[in-house]
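Data from work-v5.cif: mmCIF, C-alpha atoms
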data_entry
#
loop_
_atom_site.label_atom_id
_atom_site.label_comp_id
_atom_site.auth_asym_id
_atom_site.auth_seq_id
_atom_site.Cartn_x
_atom_site.Cartn_y
_atom_site.Cartn_z
CA MET I 1 -35.70 4.25 -0.65
CA THR I 2 -34.15 0.98 -1.71
CA GLY I 3 -33.25 -0.79 1.49
CA ALA I 4 -30.22 -0.10 3.69
CA ALA I 5 -27.39 1.05 1.50
CA ALA I 6 -23.78 1.04 2.63
CA ALA I 7 -22.00 4.40 2.65
CA PRO I 8 -20.17 5.11 -0.61
CA ARG I 9 -16.44 4.59 -0.45
CA ARG I 10 -13.87 6.74 -2.20
CA ILE I 11 -10.49 5.73 -3.46
CA GLU I 12 -7.95 8.19 -4.78
CA LEU I 13 -6.17 6.78 -7.82
CA LYS I 14 -2.63 8.11 -7.79
CA ALA I 15 -0.37 5.10 -8.33
CA GLU I 16 -0.60 1.59 -9.69
CA ARG I 17 -1.15 0.11 -6.24
CA ASP I 18 -4.31 2.21 -5.88
CA ILE I 19 -5.82 0.10 -8.66
CA ALA I 20 -5.30 -2.94 -6.46
CA ALA I 21 -6.87 -1.01 -3.58
CA ALA I 22 -9.86 -0.17 -5.80
CA ARG I 23 -10.23 -3.83 -6.75
CA SER I 24 -10.19 -5.03 -3.17
CA ALA I 25 -12.62 -2.32 -2.02
CA VAL I 26 -15.09 -3.27 -4.77
CA SER I 27 -14.49 -6.92 -3.99
CA ARG I 28 -15.37 -6.31 -0.32
CA ALA I 29 -18.47 -4.37 -1.31
CA CYS I 30 -19.55 -7.34 -3.48
CA ASP I 31 -18.94 -9.71 -0.58
CA GLU I 32 -21.14 -7.59 1.67
CA LEU I 33 -23.90 -7.88 -0.91
CA GLN I 34 -23.25 -11.64 -1.10
CA ALA I 35 -22.68 -11.34 -4.82
CA SER I 36 -22.14 -14.52 -6.83
CA ALA I 37 -18.48 -15.33 -7.51
CA LEU I 38 -18.83 -14.86 -11.25
CA ARG I 39 -20.64 -11.53 -11.01
CA LYS I 40 -18.07 -10.33 -8.55
CA VAL I 41 -15.12 -11.24 -10.78
CA ARG I 42 -16.79 -9.60 -13.76
CA PHE I 43 -17.47 -6.35 -11.96
CA VAL I 44 -14.10 -6.20 -10.22
CA THR I 45 -12.33 -6.80 -13.53
CA ALA I 46 -14.30 -3.98 -15.15
CA VAL I 47 -13.36 -1.68 -12.25
CA SER I 48 -9.74 -2.63 -12.73
CA GLU I 49 -9.94 -1.56 -16.38
CA ILE I 50 -11.54 1.83 -15.81
CA ALA I 51 -9.30 2.59 -12.83
CA ARG I 52 -6.22 1.85 -14.90
CA ASN I 53 -7.59 3.98 -17.70
CA ALA I 54 -8.09 6.89 -15.30
CA LEU I 55 -4.57 6.49 -13.98
CA GLU I 56 -2.76 6.04 -17.28
CA HIS I 57 -4.67 8.43 -19.51
CA GLY I 58 -6.21 10.75 -16.98
CA GLY I 59 -3.15 11.20 -14.76
CA GLY I 60 -5.05 9.87 -11.76
CA GLY I 61 -8.55 10.34 -10.45
CA THR I 62 -11.14 9.22 -7.96
CA LEU I 63 -13.30 6.14 -7.73
CA GLU I 64 -16.49 6.10 -5.69
CA ILE I 65 -18.25 2.89 -4.81
CA SER I 66 -21.87 2.63 -3.82
CA ALA I 67 -24.04 -0.36 -3.11
CA SER I 68 -27.74 -0.95 -2.60
CA ARG I 69 -29.35 -4.02 -1.13
CA ALA I 70 -32.78 -4.11 -2.73
CA PRO I 71 -32.25 -4.71 -5.54
CA ARG I 72 -28.69 -5.86 -4.93
CA ARG I 73 -26.70 -3.53 -7.12
CA ILE I 74 -23.19 -2.28 -7.05
CA ALA I 75 -22.16 0.91 -8.79
CA VAL I 76 -19.00 2.91 -9.28
CA LEU I 77 -18.32 6.41 -10.48
CA CYS I 78 -14.80 7.06 -11.69
CA HIS I 79 -13.50 10.38 -12.88
CA ASP I 80 -10.01 11.44 -13.82
CA ASN I 81 -8.01 14.65 -14.02
CA GLY I 82 -6.95 14.30 -17.63
CA PRO I 83 -7.71 16.23 -20.80
CA GLY I 84 -10.69 14.06 -21.68
CA ILE I 85 -11.09 11.74 -24.64
CA LEU I 86 -11.17 13.29 -28.10
CA ASP I 87 -13.31 10.63 -29.73
CA ILE I 88 -15.18 8.47 -27.25
CA ASP I 89 -16.56 6.07 -29.88
CA GLN I 90 -13.06 5.39 -31.11
CA ALA I 91 -11.73 4.90 -27.57
CA MET I 92 -14.45 2.34 -26.86
CA ARG I 93 -13.55 0.30 -29.91
CA ASP I 94 -11.48 -2.83 -29.32
CA GLY I 95 -7.92 -2.56 -30.45
CA PHE I 96 -7.71 1.22 -30.22
CA THR I 97 -4.90 2.25 -27.90
CA THR I 98 -2.59 5.17 -27.38
CA ALA I 99 -0.60 3.37 -24.72
CA GLY I 100 0.77 0.23 -26.36
CA SER I 101 -1.72 -1.89 -24.43
CA MET I 102 -4.31 -4.30 -25.79
CA GLY I 103 -6.85 -1.56 -26.37
CA LYS I 104 -9.65 -3.69 -25.03
CA GLY I 105 -10.01 -2.25 -21.54
CA LEU I 106 -12.91 0.14 -21.99
CA GLY I 107 -14.83 -2.01 -24.47
CA GLY I 108 -14.20 -5.01 -22.26
CA ALA I 109 -15.40 -3.19 -19.16
CA ARG I 110 -18.61 -2.24 -20.98
CA ARG I 111 -19.25 -5.89 -21.87
CA LEU I 112 -18.68 -7.00 -18.28
CA VAL I 113 -21.26 -4.77 -16.61
CA ASP I 114 -25.01 -4.15 -16.93
CA ARG I 115 -24.83 -0.39 -17.39
CA PHE I 116 -21.91 1.61 -18.67
CA GLU I 117 -21.79 5.34 -19.36
CA ILE I 118 -18.77 7.35 -20.36
CA ARG I 119 -18.55 11.07 -21.01
CA ASN I 120 -16.25 14.04 -20.98
CA ARG I 121 -17.13 16.21 -18.02
CA PRO I 122 -17.76 19.88 -18.84
CA GLU I 123 -15.27 20.84 -16.13
CA GLY I 124 -12.65 18.52 -17.64
CA GLY I 125 -11.66 14.88 -17.34
CA VAL I 126 -13.47 11.68 -18.22
CA GLU I 127 -16.27 10.27 -16.13
CA VAL I 128 -17.31 6.63 -16.21
CA ARG I 129 -20.36 5.25 -14.42
CA MET I 130 -20.92 1.52 -14.23
CA SER I 131 -23.36 -0.61 -12.36
CA SER I 132 -24.40 -4.24 -12.22
CA GLN I 133 -26.92 -6.33 -10.46
CA VAL I 134 -25.06 -8.79 -8.30
CA MET N 1 16.74 39.66 27.56
CA LYS N 2 19.05 36.71 27.12
CA ASN N 3 16.77 33.82 26.28
CA ALA N 4 13.01 33.59 26.15
CA LEU N 5 13.26 30.29 28.01
CA GLN N 6 15.94 31.06 30.57
CA THR N 7 13.93 29.70 33.49
CA VAL N 8 13.23 26.46 31.63
CA LEU N 9 16.90 26.26 30.79
CA ALA N 10 17.85 26.74 34.42
CA LEU N 11 15.34 24.10 35.46
CA LEU N 12 16.74 21.61 32.96
CA GLY N 13 20.18 22.17 34.45
CA GLU N 14 19.33 22.12 38.15
CA ASP N 15 16.30 19.90 38.28
CA TYR N 16 17.19 17.43 35.53
CA ASP N 17 16.69 14.21 37.51
CA SER N 18 13.40 15.16 39.04
CA ILE N 19 12.01 16.42 35.69
CA LEU N 20 13.00 13.16 34.07
CA GLN N 21 11.34 11.22 36.87
CA ALA N 22 8.17 13.32 36.70
CA TRP N 23 8.04 13.00 32.91
CA LEU N 24 8.24 9.24 33.29
CA GLU N 25 5.43 9.36 35.89
CA THR N 26 3.23 11.42 33.57
CA GLN N 27 3.82 8.91 30.79
CA LYS N 28 2.81 6.15 33.17
CA ALA N 29 -0.36 8.03 34.13
CA GLU N 30 -1.20 8.61 30.45
CA GLY N 31 -0.62 4.97 29.65
CA VAL N 32 2.13 5.58 27.08
CA ARG N 33 5.08 4.38 29.13
CA ARG N 34 4.82 0.87 27.54
CA PRO N 35 6.74 -1.18 30.13
CA ASP N 36 5.83 -4.17 27.96
CA LEU N 37 8.07 -2.87 25.19
CA PHE N 38 10.77 -0.89 26.99
CA SER N 39 12.62 -1.51 30.22
CA ASP N 40 12.87 1.25 32.79
CA ARG N 41 16.49 1.76 31.90
CA GLU N 42 15.77 2.12 28.20
CA SER N 43 12.98 4.60 28.85
CA ARG N 44 15.21 6.67 31.14
CA ARG N 45 17.94 6.71 28.57
CA GLN N 46 15.54 7.87 25.84
CA LEU N 47 14.09 10.62 28.03
CA GLY N 48 17.53 11.67 29.27
CA ASP N 49 18.83 11.99 25.72
CA ILE N 50 15.85 14.07 24.70
CA LEU N 51 16.12 16.38 27.76
CA ARG N 52 19.82 16.95 27.18
CA GLY N 53 19.25 17.69 23.48
CA LEU N 54 16.42 20.01 24.42
CA GLY N 55 18.60 21.97 26.86
CA GLU N 56 21.32 22.35 24.26
CA GLY N 57 18.86 23.35 21.56
CA ILE N 58 17.22 26.00 23.74
CA SER N 59 20.52 27.47 24.86
CA ARG N 60 21.79 27.72 21.31
CA SER N 61 18.80 29.16 19.56
CA ASP N 62 17.12 32.50 19.38
CA LEU N 63 13.47 31.83 20.11
CA SER N 64 12.25 35.35 19.58
CA GLU N 65 11.57 34.55 15.94
CA GLY N 66 9.57 31.43 16.70
CA ILE N 67 10.78 27.85 16.60
CA ALA N 68 12.57 26.51 13.58
CA LEU N 69 13.36 22.93 14.45
CA ASP N 70 15.22 22.47 11.19
CA ALA N 71 17.84 25.06 12.22
CA ASP N 72 21.41 23.95 13.01
CA SER N 73 21.04 24.56 16.73
CA TRP N 74 18.56 21.68 16.93
CA THR N 75 20.58 19.12 14.98
CA ASP N 76 21.43 16.98 18.01
CA LEU N 77 17.90 16.96 19.34
CA ARG N 78 16.51 16.07 15.93
CA ALA N 79 18.89 13.16 15.67
CA THR N 80 17.94 11.99 19.17
CA LEU N 81 14.22 12.30 18.46
CA ASP N 82 14.56 10.39 15.20
CA GLU N 83 16.47 7.66 16.95
CA VAL N 84 13.96 7.34 19.79
CA THR N 85 11.06 7.40 17.34
CA GLN N 86 12.74 4.70 15.28
CA GLU N 87 13.25 2.51 18.33
CA ARG N 88 9.66 2.89 19.38
CA VAL N 89 8.18 2.41 15.88
CA GLU N 90 10.09 -0.80 15.45
CA ARG N 91 8.57 -2.18 18.62
CA GLY N 92 5.07 -1.26 17.52
CA VAL N 93 4.21 2.01 19.27
CA SER N 94 1.36 3.95 17.62
CA PRO N 95 1.66 7.55 16.32
CA SER N 96 -0.68 8.99 18.94
CA GLU N 97 1.18 7.21 21.74
CA MET N 98 4.40 8.64 20.40
CA ALA N 99 2.96 12.18 20.40
CA THR N 100 1.62 11.78 23.95
CA PHE N 101 5.01 10.40 24.95
CA ILE N 102 6.61 13.73 24.00
CA LEU N 103 3.76 16.00 25.10
CA ALA N 104 3.86 14.45 28.60
CA MET N 105 7.01 16.54 29.12
CA LYS N 106 4.91 19.68 29.51
CA GLN N 107 3.27 18.96 32.86
CA PRO N 108 6.38 18.51 35.01
CA VAL N 109 8.04 21.55 33.48
CA PHE N 110 4.91 23.68 33.82
CA ALA N 111 4.56 22.69 37.48
CA ARG N 112 8.14 23.76 38.21
CA LEU N 113 7.78 27.01 36.27
CA ARG N 114 4.71 27.86 38.35
CA GLU N 115 6.72 27.47 41.54
CA ARG N 116 9.72 29.41 40.37
CA LEU N 117 7.92 32.25 38.68
CA ALA N 118 5.07 32.63 41.17
CA ALA N 119 6.08 36.27 41.66
CA ASP N 120 6.32 37.08 37.97
CA PRO N 121 3.12 36.07 36.18
CA THR N 122 4.05 37.83 32.91
CA ARG N 123 7.28 35.91 32.69
CA LEU N 124 5.47 32.70 33.70
CA ILE N 125 2.95 33.00 30.89
CA GLU N 126 5.67 33.84 28.41
CA GLU N 127 7.80 30.84 29.29
CA ILE N 128 4.85 28.48 29.39
CA THR N 129 3.72 29.67 25.97
CA GLN N 130 7.19 29.41 24.50
CA PHE N 131 7.94 26.04 26.02
CA SER N 132 4.60 24.74 24.82
CA ARG N 133 5.48 25.76 21.30
CA VAL N 134 8.83 24.03 21.51
CA VAL N 135 7.31 20.79 22.78
CA ASP N 136 4.54 20.92 20.18
CA ALA N 137 7.18 21.31 17.49
CA LEU N 138 9.00 18.28 18.88
CA ALA N 139 5.82 16.20 18.86
CA MET N 140 5.11 17.28 15.31
CA HIS N 141 8.61 16.40 14.21
CA THR N 142 8.30 13.02 15.87
CA ASN N 143 5.05 12.42 14.05
CA GLU N 144 6.55 13.28 10.69
CA HIS N 145 9.49 11.03 11.33
CA PHE N 146 7.13 8.32 12.50
CA ILE N 147 5.24 8.38 9.20
CA GLU N 148 8.49 8.39 7.27
CA ALA N 149 9.83 5.45 9.25
CA ARG N 150 6.62 3.52 8.76
CA ASP N 151 6.65 4.19 5.03
CA GLN N 152 10.16 2.80 4.90
CA VAL N 153 9.07 -0.34 6.73
CA ILE N 154 6.17 -0.80 4.30
CA GLU N 155 8.40 -0.22 1.30
CA ARG N 156 10.95 -2.72 2.61
CA GLN N 157 8.29 -5.34 3.27
CA ARG N 158 6.87 -4.73 -0.17
CA ALA N 159 10.26 -5.34 -1.73
CA GLU N 160 10.77 -8.47 0.36
CA MET N 161 7.35 -9.77 -0.51
CA MET N 162 7.98 -9.14 -4.16
CA GLU N 163 11.08 -11.27 -4.07
CA LEU N 164 9.39 -13.97 -2.09
CA SER N 165 6.31 -14.02 -4.22
CA THR N 166 7.95 -15.02 -7.48
CA PRO N 167 9.75 -18.26 -6.75
CA VAL N 168 10.52 -20.43 -9.74
CA VAL N 169 10.31 -24.08 -8.76
CA GLN N 170 11.78 -27.00 -10.63
CA LEU N 171 9.13 -29.73 -10.75
CA TRP N 172 11.09 -32.25 -12.77
CA ASP N 173 13.97 -32.32 -15.22
CA ARG N 174 13.32 -29.54 -17.73
CA VAL N 175 9.95 -28.67 -16.13
CA LEU N 176 9.55 -25.46 -14.14
CA THR N 177 6.60 -23.79 -12.46
CA ILE N 178 5.98 -20.33 -11.16
CA PRO N 179 2.90 -20.03 -8.96
CA LEU N 180 1.52 -16.49 -9.06
CA ILE N 181 -0.44 -15.14 -6.13
CA GLY N 182 -2.29 -11.87 -5.57
CA THR N 183 -1.97 -9.03 -8.03
CA LEU N 184 0.28 -8.94 -11.03
CA ASP N 185 1.16 -5.29 -11.46
CA SER N 186 3.74 -4.09 -13.96
CA MET N 187 6.60 -4.26 -11.49
CA ARG N 188 5.85 -7.84 -10.47
CA ALA N 189 5.24 -8.86 -14.06
CA GLN N 190 8.73 -7.64 -14.90
CA GLU N 191 10.13 -9.57 -11.94
CA VAL N 192 8.28 -12.74 -12.94
CA MET N 193 9.54 -12.51 -16.50
CA GLU N 194 13.16 -12.01 -15.44
CA ASN N 195 13.18 -14.78 -12.86
CA LEU N 196 11.52 -17.17 -15.25
CA LEU N 197 13.79 -16.52 -18.21
CA ASN N 198 16.89 -16.85 -16.06
CA ALA N 199 15.60 -20.10 -14.59
CA ILE N 200 14.95 -21.49 -18.08
CA VAL N 201 18.62 -21.05 -18.91
CA GLU N 202 19.79 -22.33 -15.54
CA HIS N 203 17.70 -25.54 -15.63
CA SER N 204 17.65 -26.05 -19.43
CA ALA N 205 13.90 -26.08 -19.10
CA GLU N 206 11.61 -27.10 -21.93
CA VAL N 207 8.25 -26.52 -20.29
CA VAL N 208 7.25 -23.76 -17.94
CA ILE N 209 3.94 -23.80 -16.07
CA VAL N 210 2.71 -20.35 -15.09
CA ASP N 211 0.04 -21.07 -12.50
CA ILE N 212 -2.52 -18.32 -11.88
CA THR N 213 -4.77 -20.21 -9.45
CA GLY N 214 -3.90 -17.59 -6.83
CA VAL N 215 -4.57 -14.58 -9.07
CA ARG N 216 -8.05 -13.33 -8.40
CA VAL N 217 -8.55 -10.92 -11.26
CA VAL N 218 -7.23 -11.17 -14.80
CA ASP N 219 -7.84 -7.86 -16.52
CA THR N 220 -6.44 -6.89 -19.91
CA GLN N 221 -3.17 -5.75 -18.40
CA VAL N 222 -2.59 -8.98 -16.47
CA ALA N 223 -3.55 -10.95 -19.57
CA GLN N 224 -1.10 -8.95 -21.62
CA HIS N 225 1.68 -9.57 -19.08
CA LEU N 226 0.95 -13.29 -19.14
CA LEU N 227 0.90 -13.48 -22.92
CA ARG N 228 4.11 -11.48 -23.20
CA THR N 229 5.77 -13.78 -20.70
CA ALA N 230 4.61 -16.78 -22.72
CA ALA N 231 5.97 -15.20 -25.90
CA ALA N 232 9.37 -14.59 -24.28
CA VAL N 233 9.43 -18.17 -22.99
CA ARG N 234 8.77 -19.36 -26.53
CA LEU N 235 11.62 -17.22 -27.84
CA MET N 236 13.87 -19.05 -25.41
CA GLY N 237 12.83 -22.30 -27.05
CA ALA N 238 10.59 -23.52 -24.25
CA GLU N 239 6.83 -23.91 -24.02
CA ALA N 240 4.72 -21.92 -21.59
CA ILE N 241 1.53 -23.35 -20.15
CA ILE N 242 -0.82 -21.06 -18.29
CA SER N 243 -2.67 -23.12 -15.71
CA GLY N 244 -5.25 -22.44 -13.03
CA ILE N 245 -7.73 -20.60 -15.22
CA SER N 246 -11.01 -20.91 -13.36
CA PRO N 247 -14.38 -20.93 -15.16
CA LYS N 248 -15.06 -17.41 -13.84
CA ILE N 249 -11.78 -16.09 -15.14
CA ALA N 250 -12.26 -17.85 -18.48
CA GLN N 251 -15.67 -16.25 -18.99
CA THR N 252 -14.39 -12.86 -17.97
CA MET N 253 -11.44 -13.11 -20.34
CA VAL N 254 -13.73 -13.96 -23.23
CA GLU N 255 -15.91 -10.91 -22.52
CA LEU N 256 -12.82 -8.74 -22.34
CA GLY N 257 -11.90 -9.98 -25.78
CA VAL N 258 -8.59 -11.48 -24.72
CA ASP N 259 -7.27 -13.95 -27.26
CA VAL N 260 -4.63 -16.29 -25.88
CA GLY N 261 -3.60 -17.30 -29.40
CA GLU N 262 -1.33 -20.31 -29.44
CA VAL N 263 -0.47 -20.26 -25.77
CA THR N 264 -1.26 -23.58 -24.13
CA THR N 265 -3.70 -23.22 -21.24
CA ARG N 266 -4.98 -25.74 -18.72
CA PRO N 267 -7.63 -25.46 -16.02
CA THR N 268 -5.44 -26.94 -13.29
CA ILE N 269 -1.78 -27.30 -12.51
CA ARG N 270 -2.33 -31.05 -12.50
CA ALA N 271 -3.51 -31.07 -16.10
CA ALA N 272 -0.61 -28.82 -17.01
CA LEU N 273 1.87 -31.16 -15.34
CA ALA N 274 0.48 -34.15 -17.25
CA HIS N 275 0.95 -32.20 -20.48
CA ALA N 276 4.48 -31.21 -19.46
CA PHE N 277 5.49 -34.80 -18.70
CA ARG N 278 4.32 -36.00 -22.08
CA ARG N 279 6.18 -33.17 -23.71
CA VAL N 280 9.52 -34.02 -22.05
CA GLY N 281 9.01 -37.75 -22.53
CA PHE N 282 8.00 -39.04 -19.10
CA SER N 283 4.89 -40.87 -18.08
CA ILE N 284 3.27 -41.33 -14.70
CA GLU N 285 2.28 -44.88 -13.81
CA LYS N 286 0.36 -46.32 -10.92
CA VAL N 287 2.52 -48.74 -8.99
CA GLU N 288 0.81 -51.97 -7.83
CA ASN N 289 1.50 -53.09 -4.26
CA ALA N 290 2.98 -49.71 -3.39
CA ARG N 291 4.24 -49.43 0.17
CA GLY N 292 4.15 -46.14 2.08
#
Re-express the file's structure as structure tokens.
Amino acid sequence: MTGAAAAPRRIELKAERDIAAARSAVSRACDELQASALRKVRFVTAVSEIARNALEHGGGGTLEISASRAPRRIAVLCHDNGPGILDIDQAMRDGFTTAGSMGKGLGGARRLVDRFEIRNRPEGGVEVRMSSQV
Amino acid sequence: MKNALQTVLALLGEDYDSILQAWLETQKAEGVRRPDLFSDRESRRQLGDILRGLGEGISRSDLSEGIALDADSWTDLRATLDEVTQERVERGVSPSEMATFILAMKQPVFARLRERLAADPTRLIEEITQFSRVVDALAMHTNEHFIEARDQVIERQRAEMMELSTPVVQLWDRVLTIPLIGTLDSMRAQEVMENLLNAIVEHSAEVVIVDITGVRVVDTQVAQHLLRTAAAVRLMGAEAIISGISPKIAQTMVELGVDVGEVTTRPTIRAALAHAFRRVGFSIEKVENARG
């Protein structure tokens, strides 16, 4: 048991404004943990990237936020409803994009957090887990 | 059998005033009358309209097949309900209050049915069941309309906010600024770009300061919108300065791998303004013996 943990929060990602909702929910969770401003911005930015990825390439998905107090960590689990990623290594590489965007979202997100895992789920869709000490 | 609700129909005709009064009393008892928002006269008018529409609807429909509120026979009542819901939503009534407002109609009608049909319990149960279903359908319809109306309000406010939130301000001759606040989604980015480019033409601007002090998160998409805006500004022959990049945002942008290229950036709007003045050939001087 790692101290009192807040209940995980879920956000359905269906439209662009849900990305903003995801950002503010994660931002609130960071505030509750009294995260430093820099760590908060880094994590929230990473969440913004993976949420947008789920929405644009996965046709929408779900983001779950969980927090623990000792040690102070914040974590998210994001999965989408899409066809999955053909070549994950390629998708993580900077500059690779199928959407006309910068192609730095996933790689950038990985650099912004402590732990980053991405995989195709056996039942379909992409799953990203990220966590950081805040 | 003529109508499954013939007793209710008769009651609505003969006992209209007292039902309306009792309905109002029930609303008062349930705390949904809201005298703070609606005068007695307004409330009576709303209830009267609904009761009249209800009577018409019942007399014109065949209830043996269940209640289909979207049928033609209910058109008037639907319109009345939508109107009343609209009026109440706009003054800030909650969805559950609105449902209770409608459901409070049951008690006075039930009480009168009990008196009238005391000798015919089968008929009594039938009418109570039927009438209950009708009123439930009304409450449901109200709720759906309520959500719809609220969505419209939110959408309208969103549109208004969007317009308000992208004001282009002329700071000096040929110097413009656009302070961005909150989130910069694709729709707003488009709006910002359009407003800005039009303003450049209108004011013959040479320098444009895009201030992101109020933007909390710059992810790759926001960065891309900003850089595209800067590129379009450059195509118009002006220079774009992105100001208000905090140390946190700067570090995050570097980790993301965002390269701002040749776009001028400044940490504060003040530094950006100093740059802009030099660029358009003005200087700021301290005046000795200045009087307030």
Item to complete: With a distance threshold of 10 Å and counting all atoms listed in the file, extract the residues of chain N near chain I and express them as JSON, numbers by chain.
Response: {"N": [182, 183, 184, 185, 186, 187, 216, 217, 218, 219, 220, 221, 223, 224, 225, 247, 248, 249, 251, 252, 253, 254, 255, 256, 257, 258]}
Worksheet item: Which value, in Å to one decimal, gives the distance between CA of Gln107 in chain N and CA of Glu148 in chain N?
Response: 28.2 Å
Item to complete: Go ahead and find all residues with at least one atom no further than 8 Å from (-13.0, 10.5, -8.2) in the file's coordinates, using all atoms listed in the file; report them as JSON, numbers by chain.
Response: {"I": [10, 11, 12, 13, 61, 62, 63, 64, 77, 78, 79, 80]}
Would you export the selected residues with C-alpha atoms as an mmCIF file, in the frame of the given file, please?
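After the write, out.cif holds the following:
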data_model
loop_
_atom_site.group_PDB
_atom_site.id
_atom_site.type_symbol
_atom_site.label_atom_id
_atom_site.label_comp_id
_atom_site.auth_asym_id
_atom_site.auth_seq_id
_atom_site.Cartn_x
_atom_site.Cartn_y
_atom_site.Cartn_z
ATOM 1 C CA ARG I 10 -13.870 6.740 -2.200
ATOM 2 C CA ILE I 11 -10.490 5.730 -3.460
ATOM 3 C CA GLU I 12 -7.950 8.190 -4.780
ATOM 4 C CA LEU I 13 -6.170 6.780 -7.820
ATOM 5 C CA GLY I 61 -8.550 10.340 -10.450
ATOM 6 C CA THR I 62 -11.140 9.220 -7.960
ATOM 7 C CA LEU I 63 -13.300 6.140 -7.730
ATOM 8 C CA GLU I 64 -16.490 6.100 -5.690
ATOM 9 C CA LEU I 77 -18.320 6.410 -10.480
ATOM 10 C CA CYS I 78 -14.800 7.060 -11.690
ATOM 11 C CA HIS I 79 -13.500 10.380 -12.880
ATOM 12 C CA ASP I 80 -10.010 11.440 -13.820
#
Worksheet entry | Point-to-point distance from CA of Gly57 in chain N to CA of Thr122 in chain N, Å rounded to tenths |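 Value for the CA of Gly57 in chain N-CA of Thr122 in chain N distance: 23.6 Å.
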Item to complete: Take the PyMOL selection byres ((chain N and resi 206) around 9), apply it to the structure above, and return the hits as a PyMOL selection string.
Response: chain N and resi 173-176+200+203-205+207-208+237-240+276+279-280
Worksheet item: Contacts of Gln133 in chain I at 7 Å or less, counting only C-alpha atoms, minus same-chain residues fewer than 4 places along, as a list of chain:residue names?
Response: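 Here the qualifying residues turn out to be I:Arg72, I:Arg73, I:Ile74.
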Worksheet item: So what does the PyMOL selection byres ((chain N and resi 231) around 12) actually pick up in this one, as a ChimeraX atom specification?
Response: /N:193,197,208,224-230,232-242,260-264
Residues from last step as file, C-alpha atoms, as a JSON list (two decimals), in the coordinates of the input:
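Output (part03.json):
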[["chain", "number", "residue", "atom", "x", "y", "z"],
["N", 193, "MET", "CA", 9.54, -12.51, -16.50],
["N", 197, "LEU", "CA", 13.79, -16.52, -18.21],
["N", 208, "VAL", "CA", 7.25, -23.76, -17.94],
["N", 224, "GLN", "CA", -1.10, -8.95, -21.62],
["N", 225, "HIS", "CA", 1.68, -9.57, -19.08],
["N", 226, "LEU", "CA", 0.95, -13.29, -19.14],
["N", 227, "LEU", "CA", 0.90, -13.48, -22.92],
["N", 228, "ARG", "CA", 4.11, -11.48, -23.20],
["N", 229, "THR", "CA", 5.77, -13.78, -20.70],
["N", 230, "ALA", "CA", 4.61, -16.78, -22.72],
["N", 232, "ALA", "CA", 9.37, -14.59, -24.28],
["N", 233, "VAL", "CA", 9.43, -18.17, -22.99],
["N", 234, "ARG", "CA", 8.77, -19.36, -26.53],
["N", 235, "LEU", "CA", 11.62, -17.22, -27.84],
["N", 236, "MET", "CA", 13.87, -19.05, -25.41],
["N", 237, "GLY", "CA", 12.83, -22.30, -27.05],
["N", 238, "ALA", "CA", 10.59, -23.52, -24.25],
["N", 239, "GLU", "CA", 6.83, -23.91, -24.02],
["N", 240, "ALA", "CA", 4.72, -21.92, -21.59],
["N", 241, "ILE", "CA", 1.53, -23.35, -20.15],
["N", 242, "ILE", "CA", -0.82, -21.06, -18.29],
["N", 260, "VAL", "CA", -4.63, -16.29, -25.88],
["N", 261, "GLY", "CA", -3.60, -17.30, -29.40],
["N", 262, "GLU", "CA", -1.33, -20.31, -29.44],
["N", 263, "VAL", "CA", -0.47, -20.26, -25.77],
["N", 264, "THR", "CA", -1.26, -23.58, -24.13]]
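Among the candidates N:Ile181, N:Ile58, N:Leu273, N:Ile209, the one nearest to Gln6 in chain N when counting only C-alpha atoms is N:Ile58.
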Response to the item:
A straight line from CA of Gly60 in chain I to CA of Gln157 in chain N spans 25.2 Å
Worksheet entry | Result set of the PyMOL selection byres ((chain I and resi 129) around 7) on the coordinates above, as a list in words |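 Selection result, ordered by chain and number: Val76, Leu77, Cys78, Phe116, Glu117, Ile118, Glu127, Val128, Met130 and Ser131 of chain I.
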Worksheet item: Contacts of Arg41 in chain N at 12 Å or less, counting all atoms listed in the file, minus same-chain residues fewer than 6 places along, as a list in words?
Response: Gln21, Leu24, Pro35, Leu47 and Gly48 of chain N
Please produce a file of those selected residues containing C-alpha atoms, as an mmCIF file, keeping the file's coordinate frame.
data_model
loop_
_atom_site.group_PDB
_atom_site.id
_atom_site.type_symbol
_atom_site.label_atom_id
_atom_site.label_comp_id
_atom_site.auth_asym_id
_atom_site.auth_seq_id
_atom_site.Cartn_x
_atom_site.Cartn_y
_atom_site.Cartn_z
ATOM 1 C CA GLN N 21 11.340 11.220 36.870
ATOM 2 C CA LEU N 24 8.240 9.240 33.290
ATOM 3 C CA PRO N 35 6.740 -1.180 30.130
ATOM 4 C CA LEU N 47 14.090 10.620 28.030
ATOM 5 C CA GLY N 48 17.530 11.670 29.270
#
Take the point (10.6, -23.2, -11.2) as written in the file and pick out every residue within 8 Å of it, counting all atoms listed in the file; give the list as a compact mmCIF listing (two decimals) with C-alpha atoms, in the coordinates of the input.
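Ended up saving to out_27.txt:
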# COMPACT_ATOMS: atom_id res chain seq x y z
CA PRO N 167 9.75 -18.26 -6.75
CA VAL N 168 10.52 -20.43 -9.74
CA VAL N 169 10.31 -24.08 -8.76
CA GLN N 170 11.78 -27.00 -10.63
CA LEU N 171 9.13 -29.73 -10.75
CA VAL N 175 9.95 -28.67 -16.13
CA LEU N 176 9.55 -25.46 -14.14
CA THR N 177 6.60 -23.79 -12.46
CA ILE N 178 5.98 -20.33 -11.16
CA LEU N 196 11.52 -17.17 -15.25
CA ALA N 199 15.60 -20.10 -14.59
CA VAL N 208 7.25 -23.76 -17.94
Worksheet item: Any idea what's packed within 8 Å of Arg150 in chain N, counting only C-alpha atoms, ignoring anything in its chain fewer than 4 positions away? Could you give it as a PyMOL selection string?
Response: chain N and resi 89+146+154
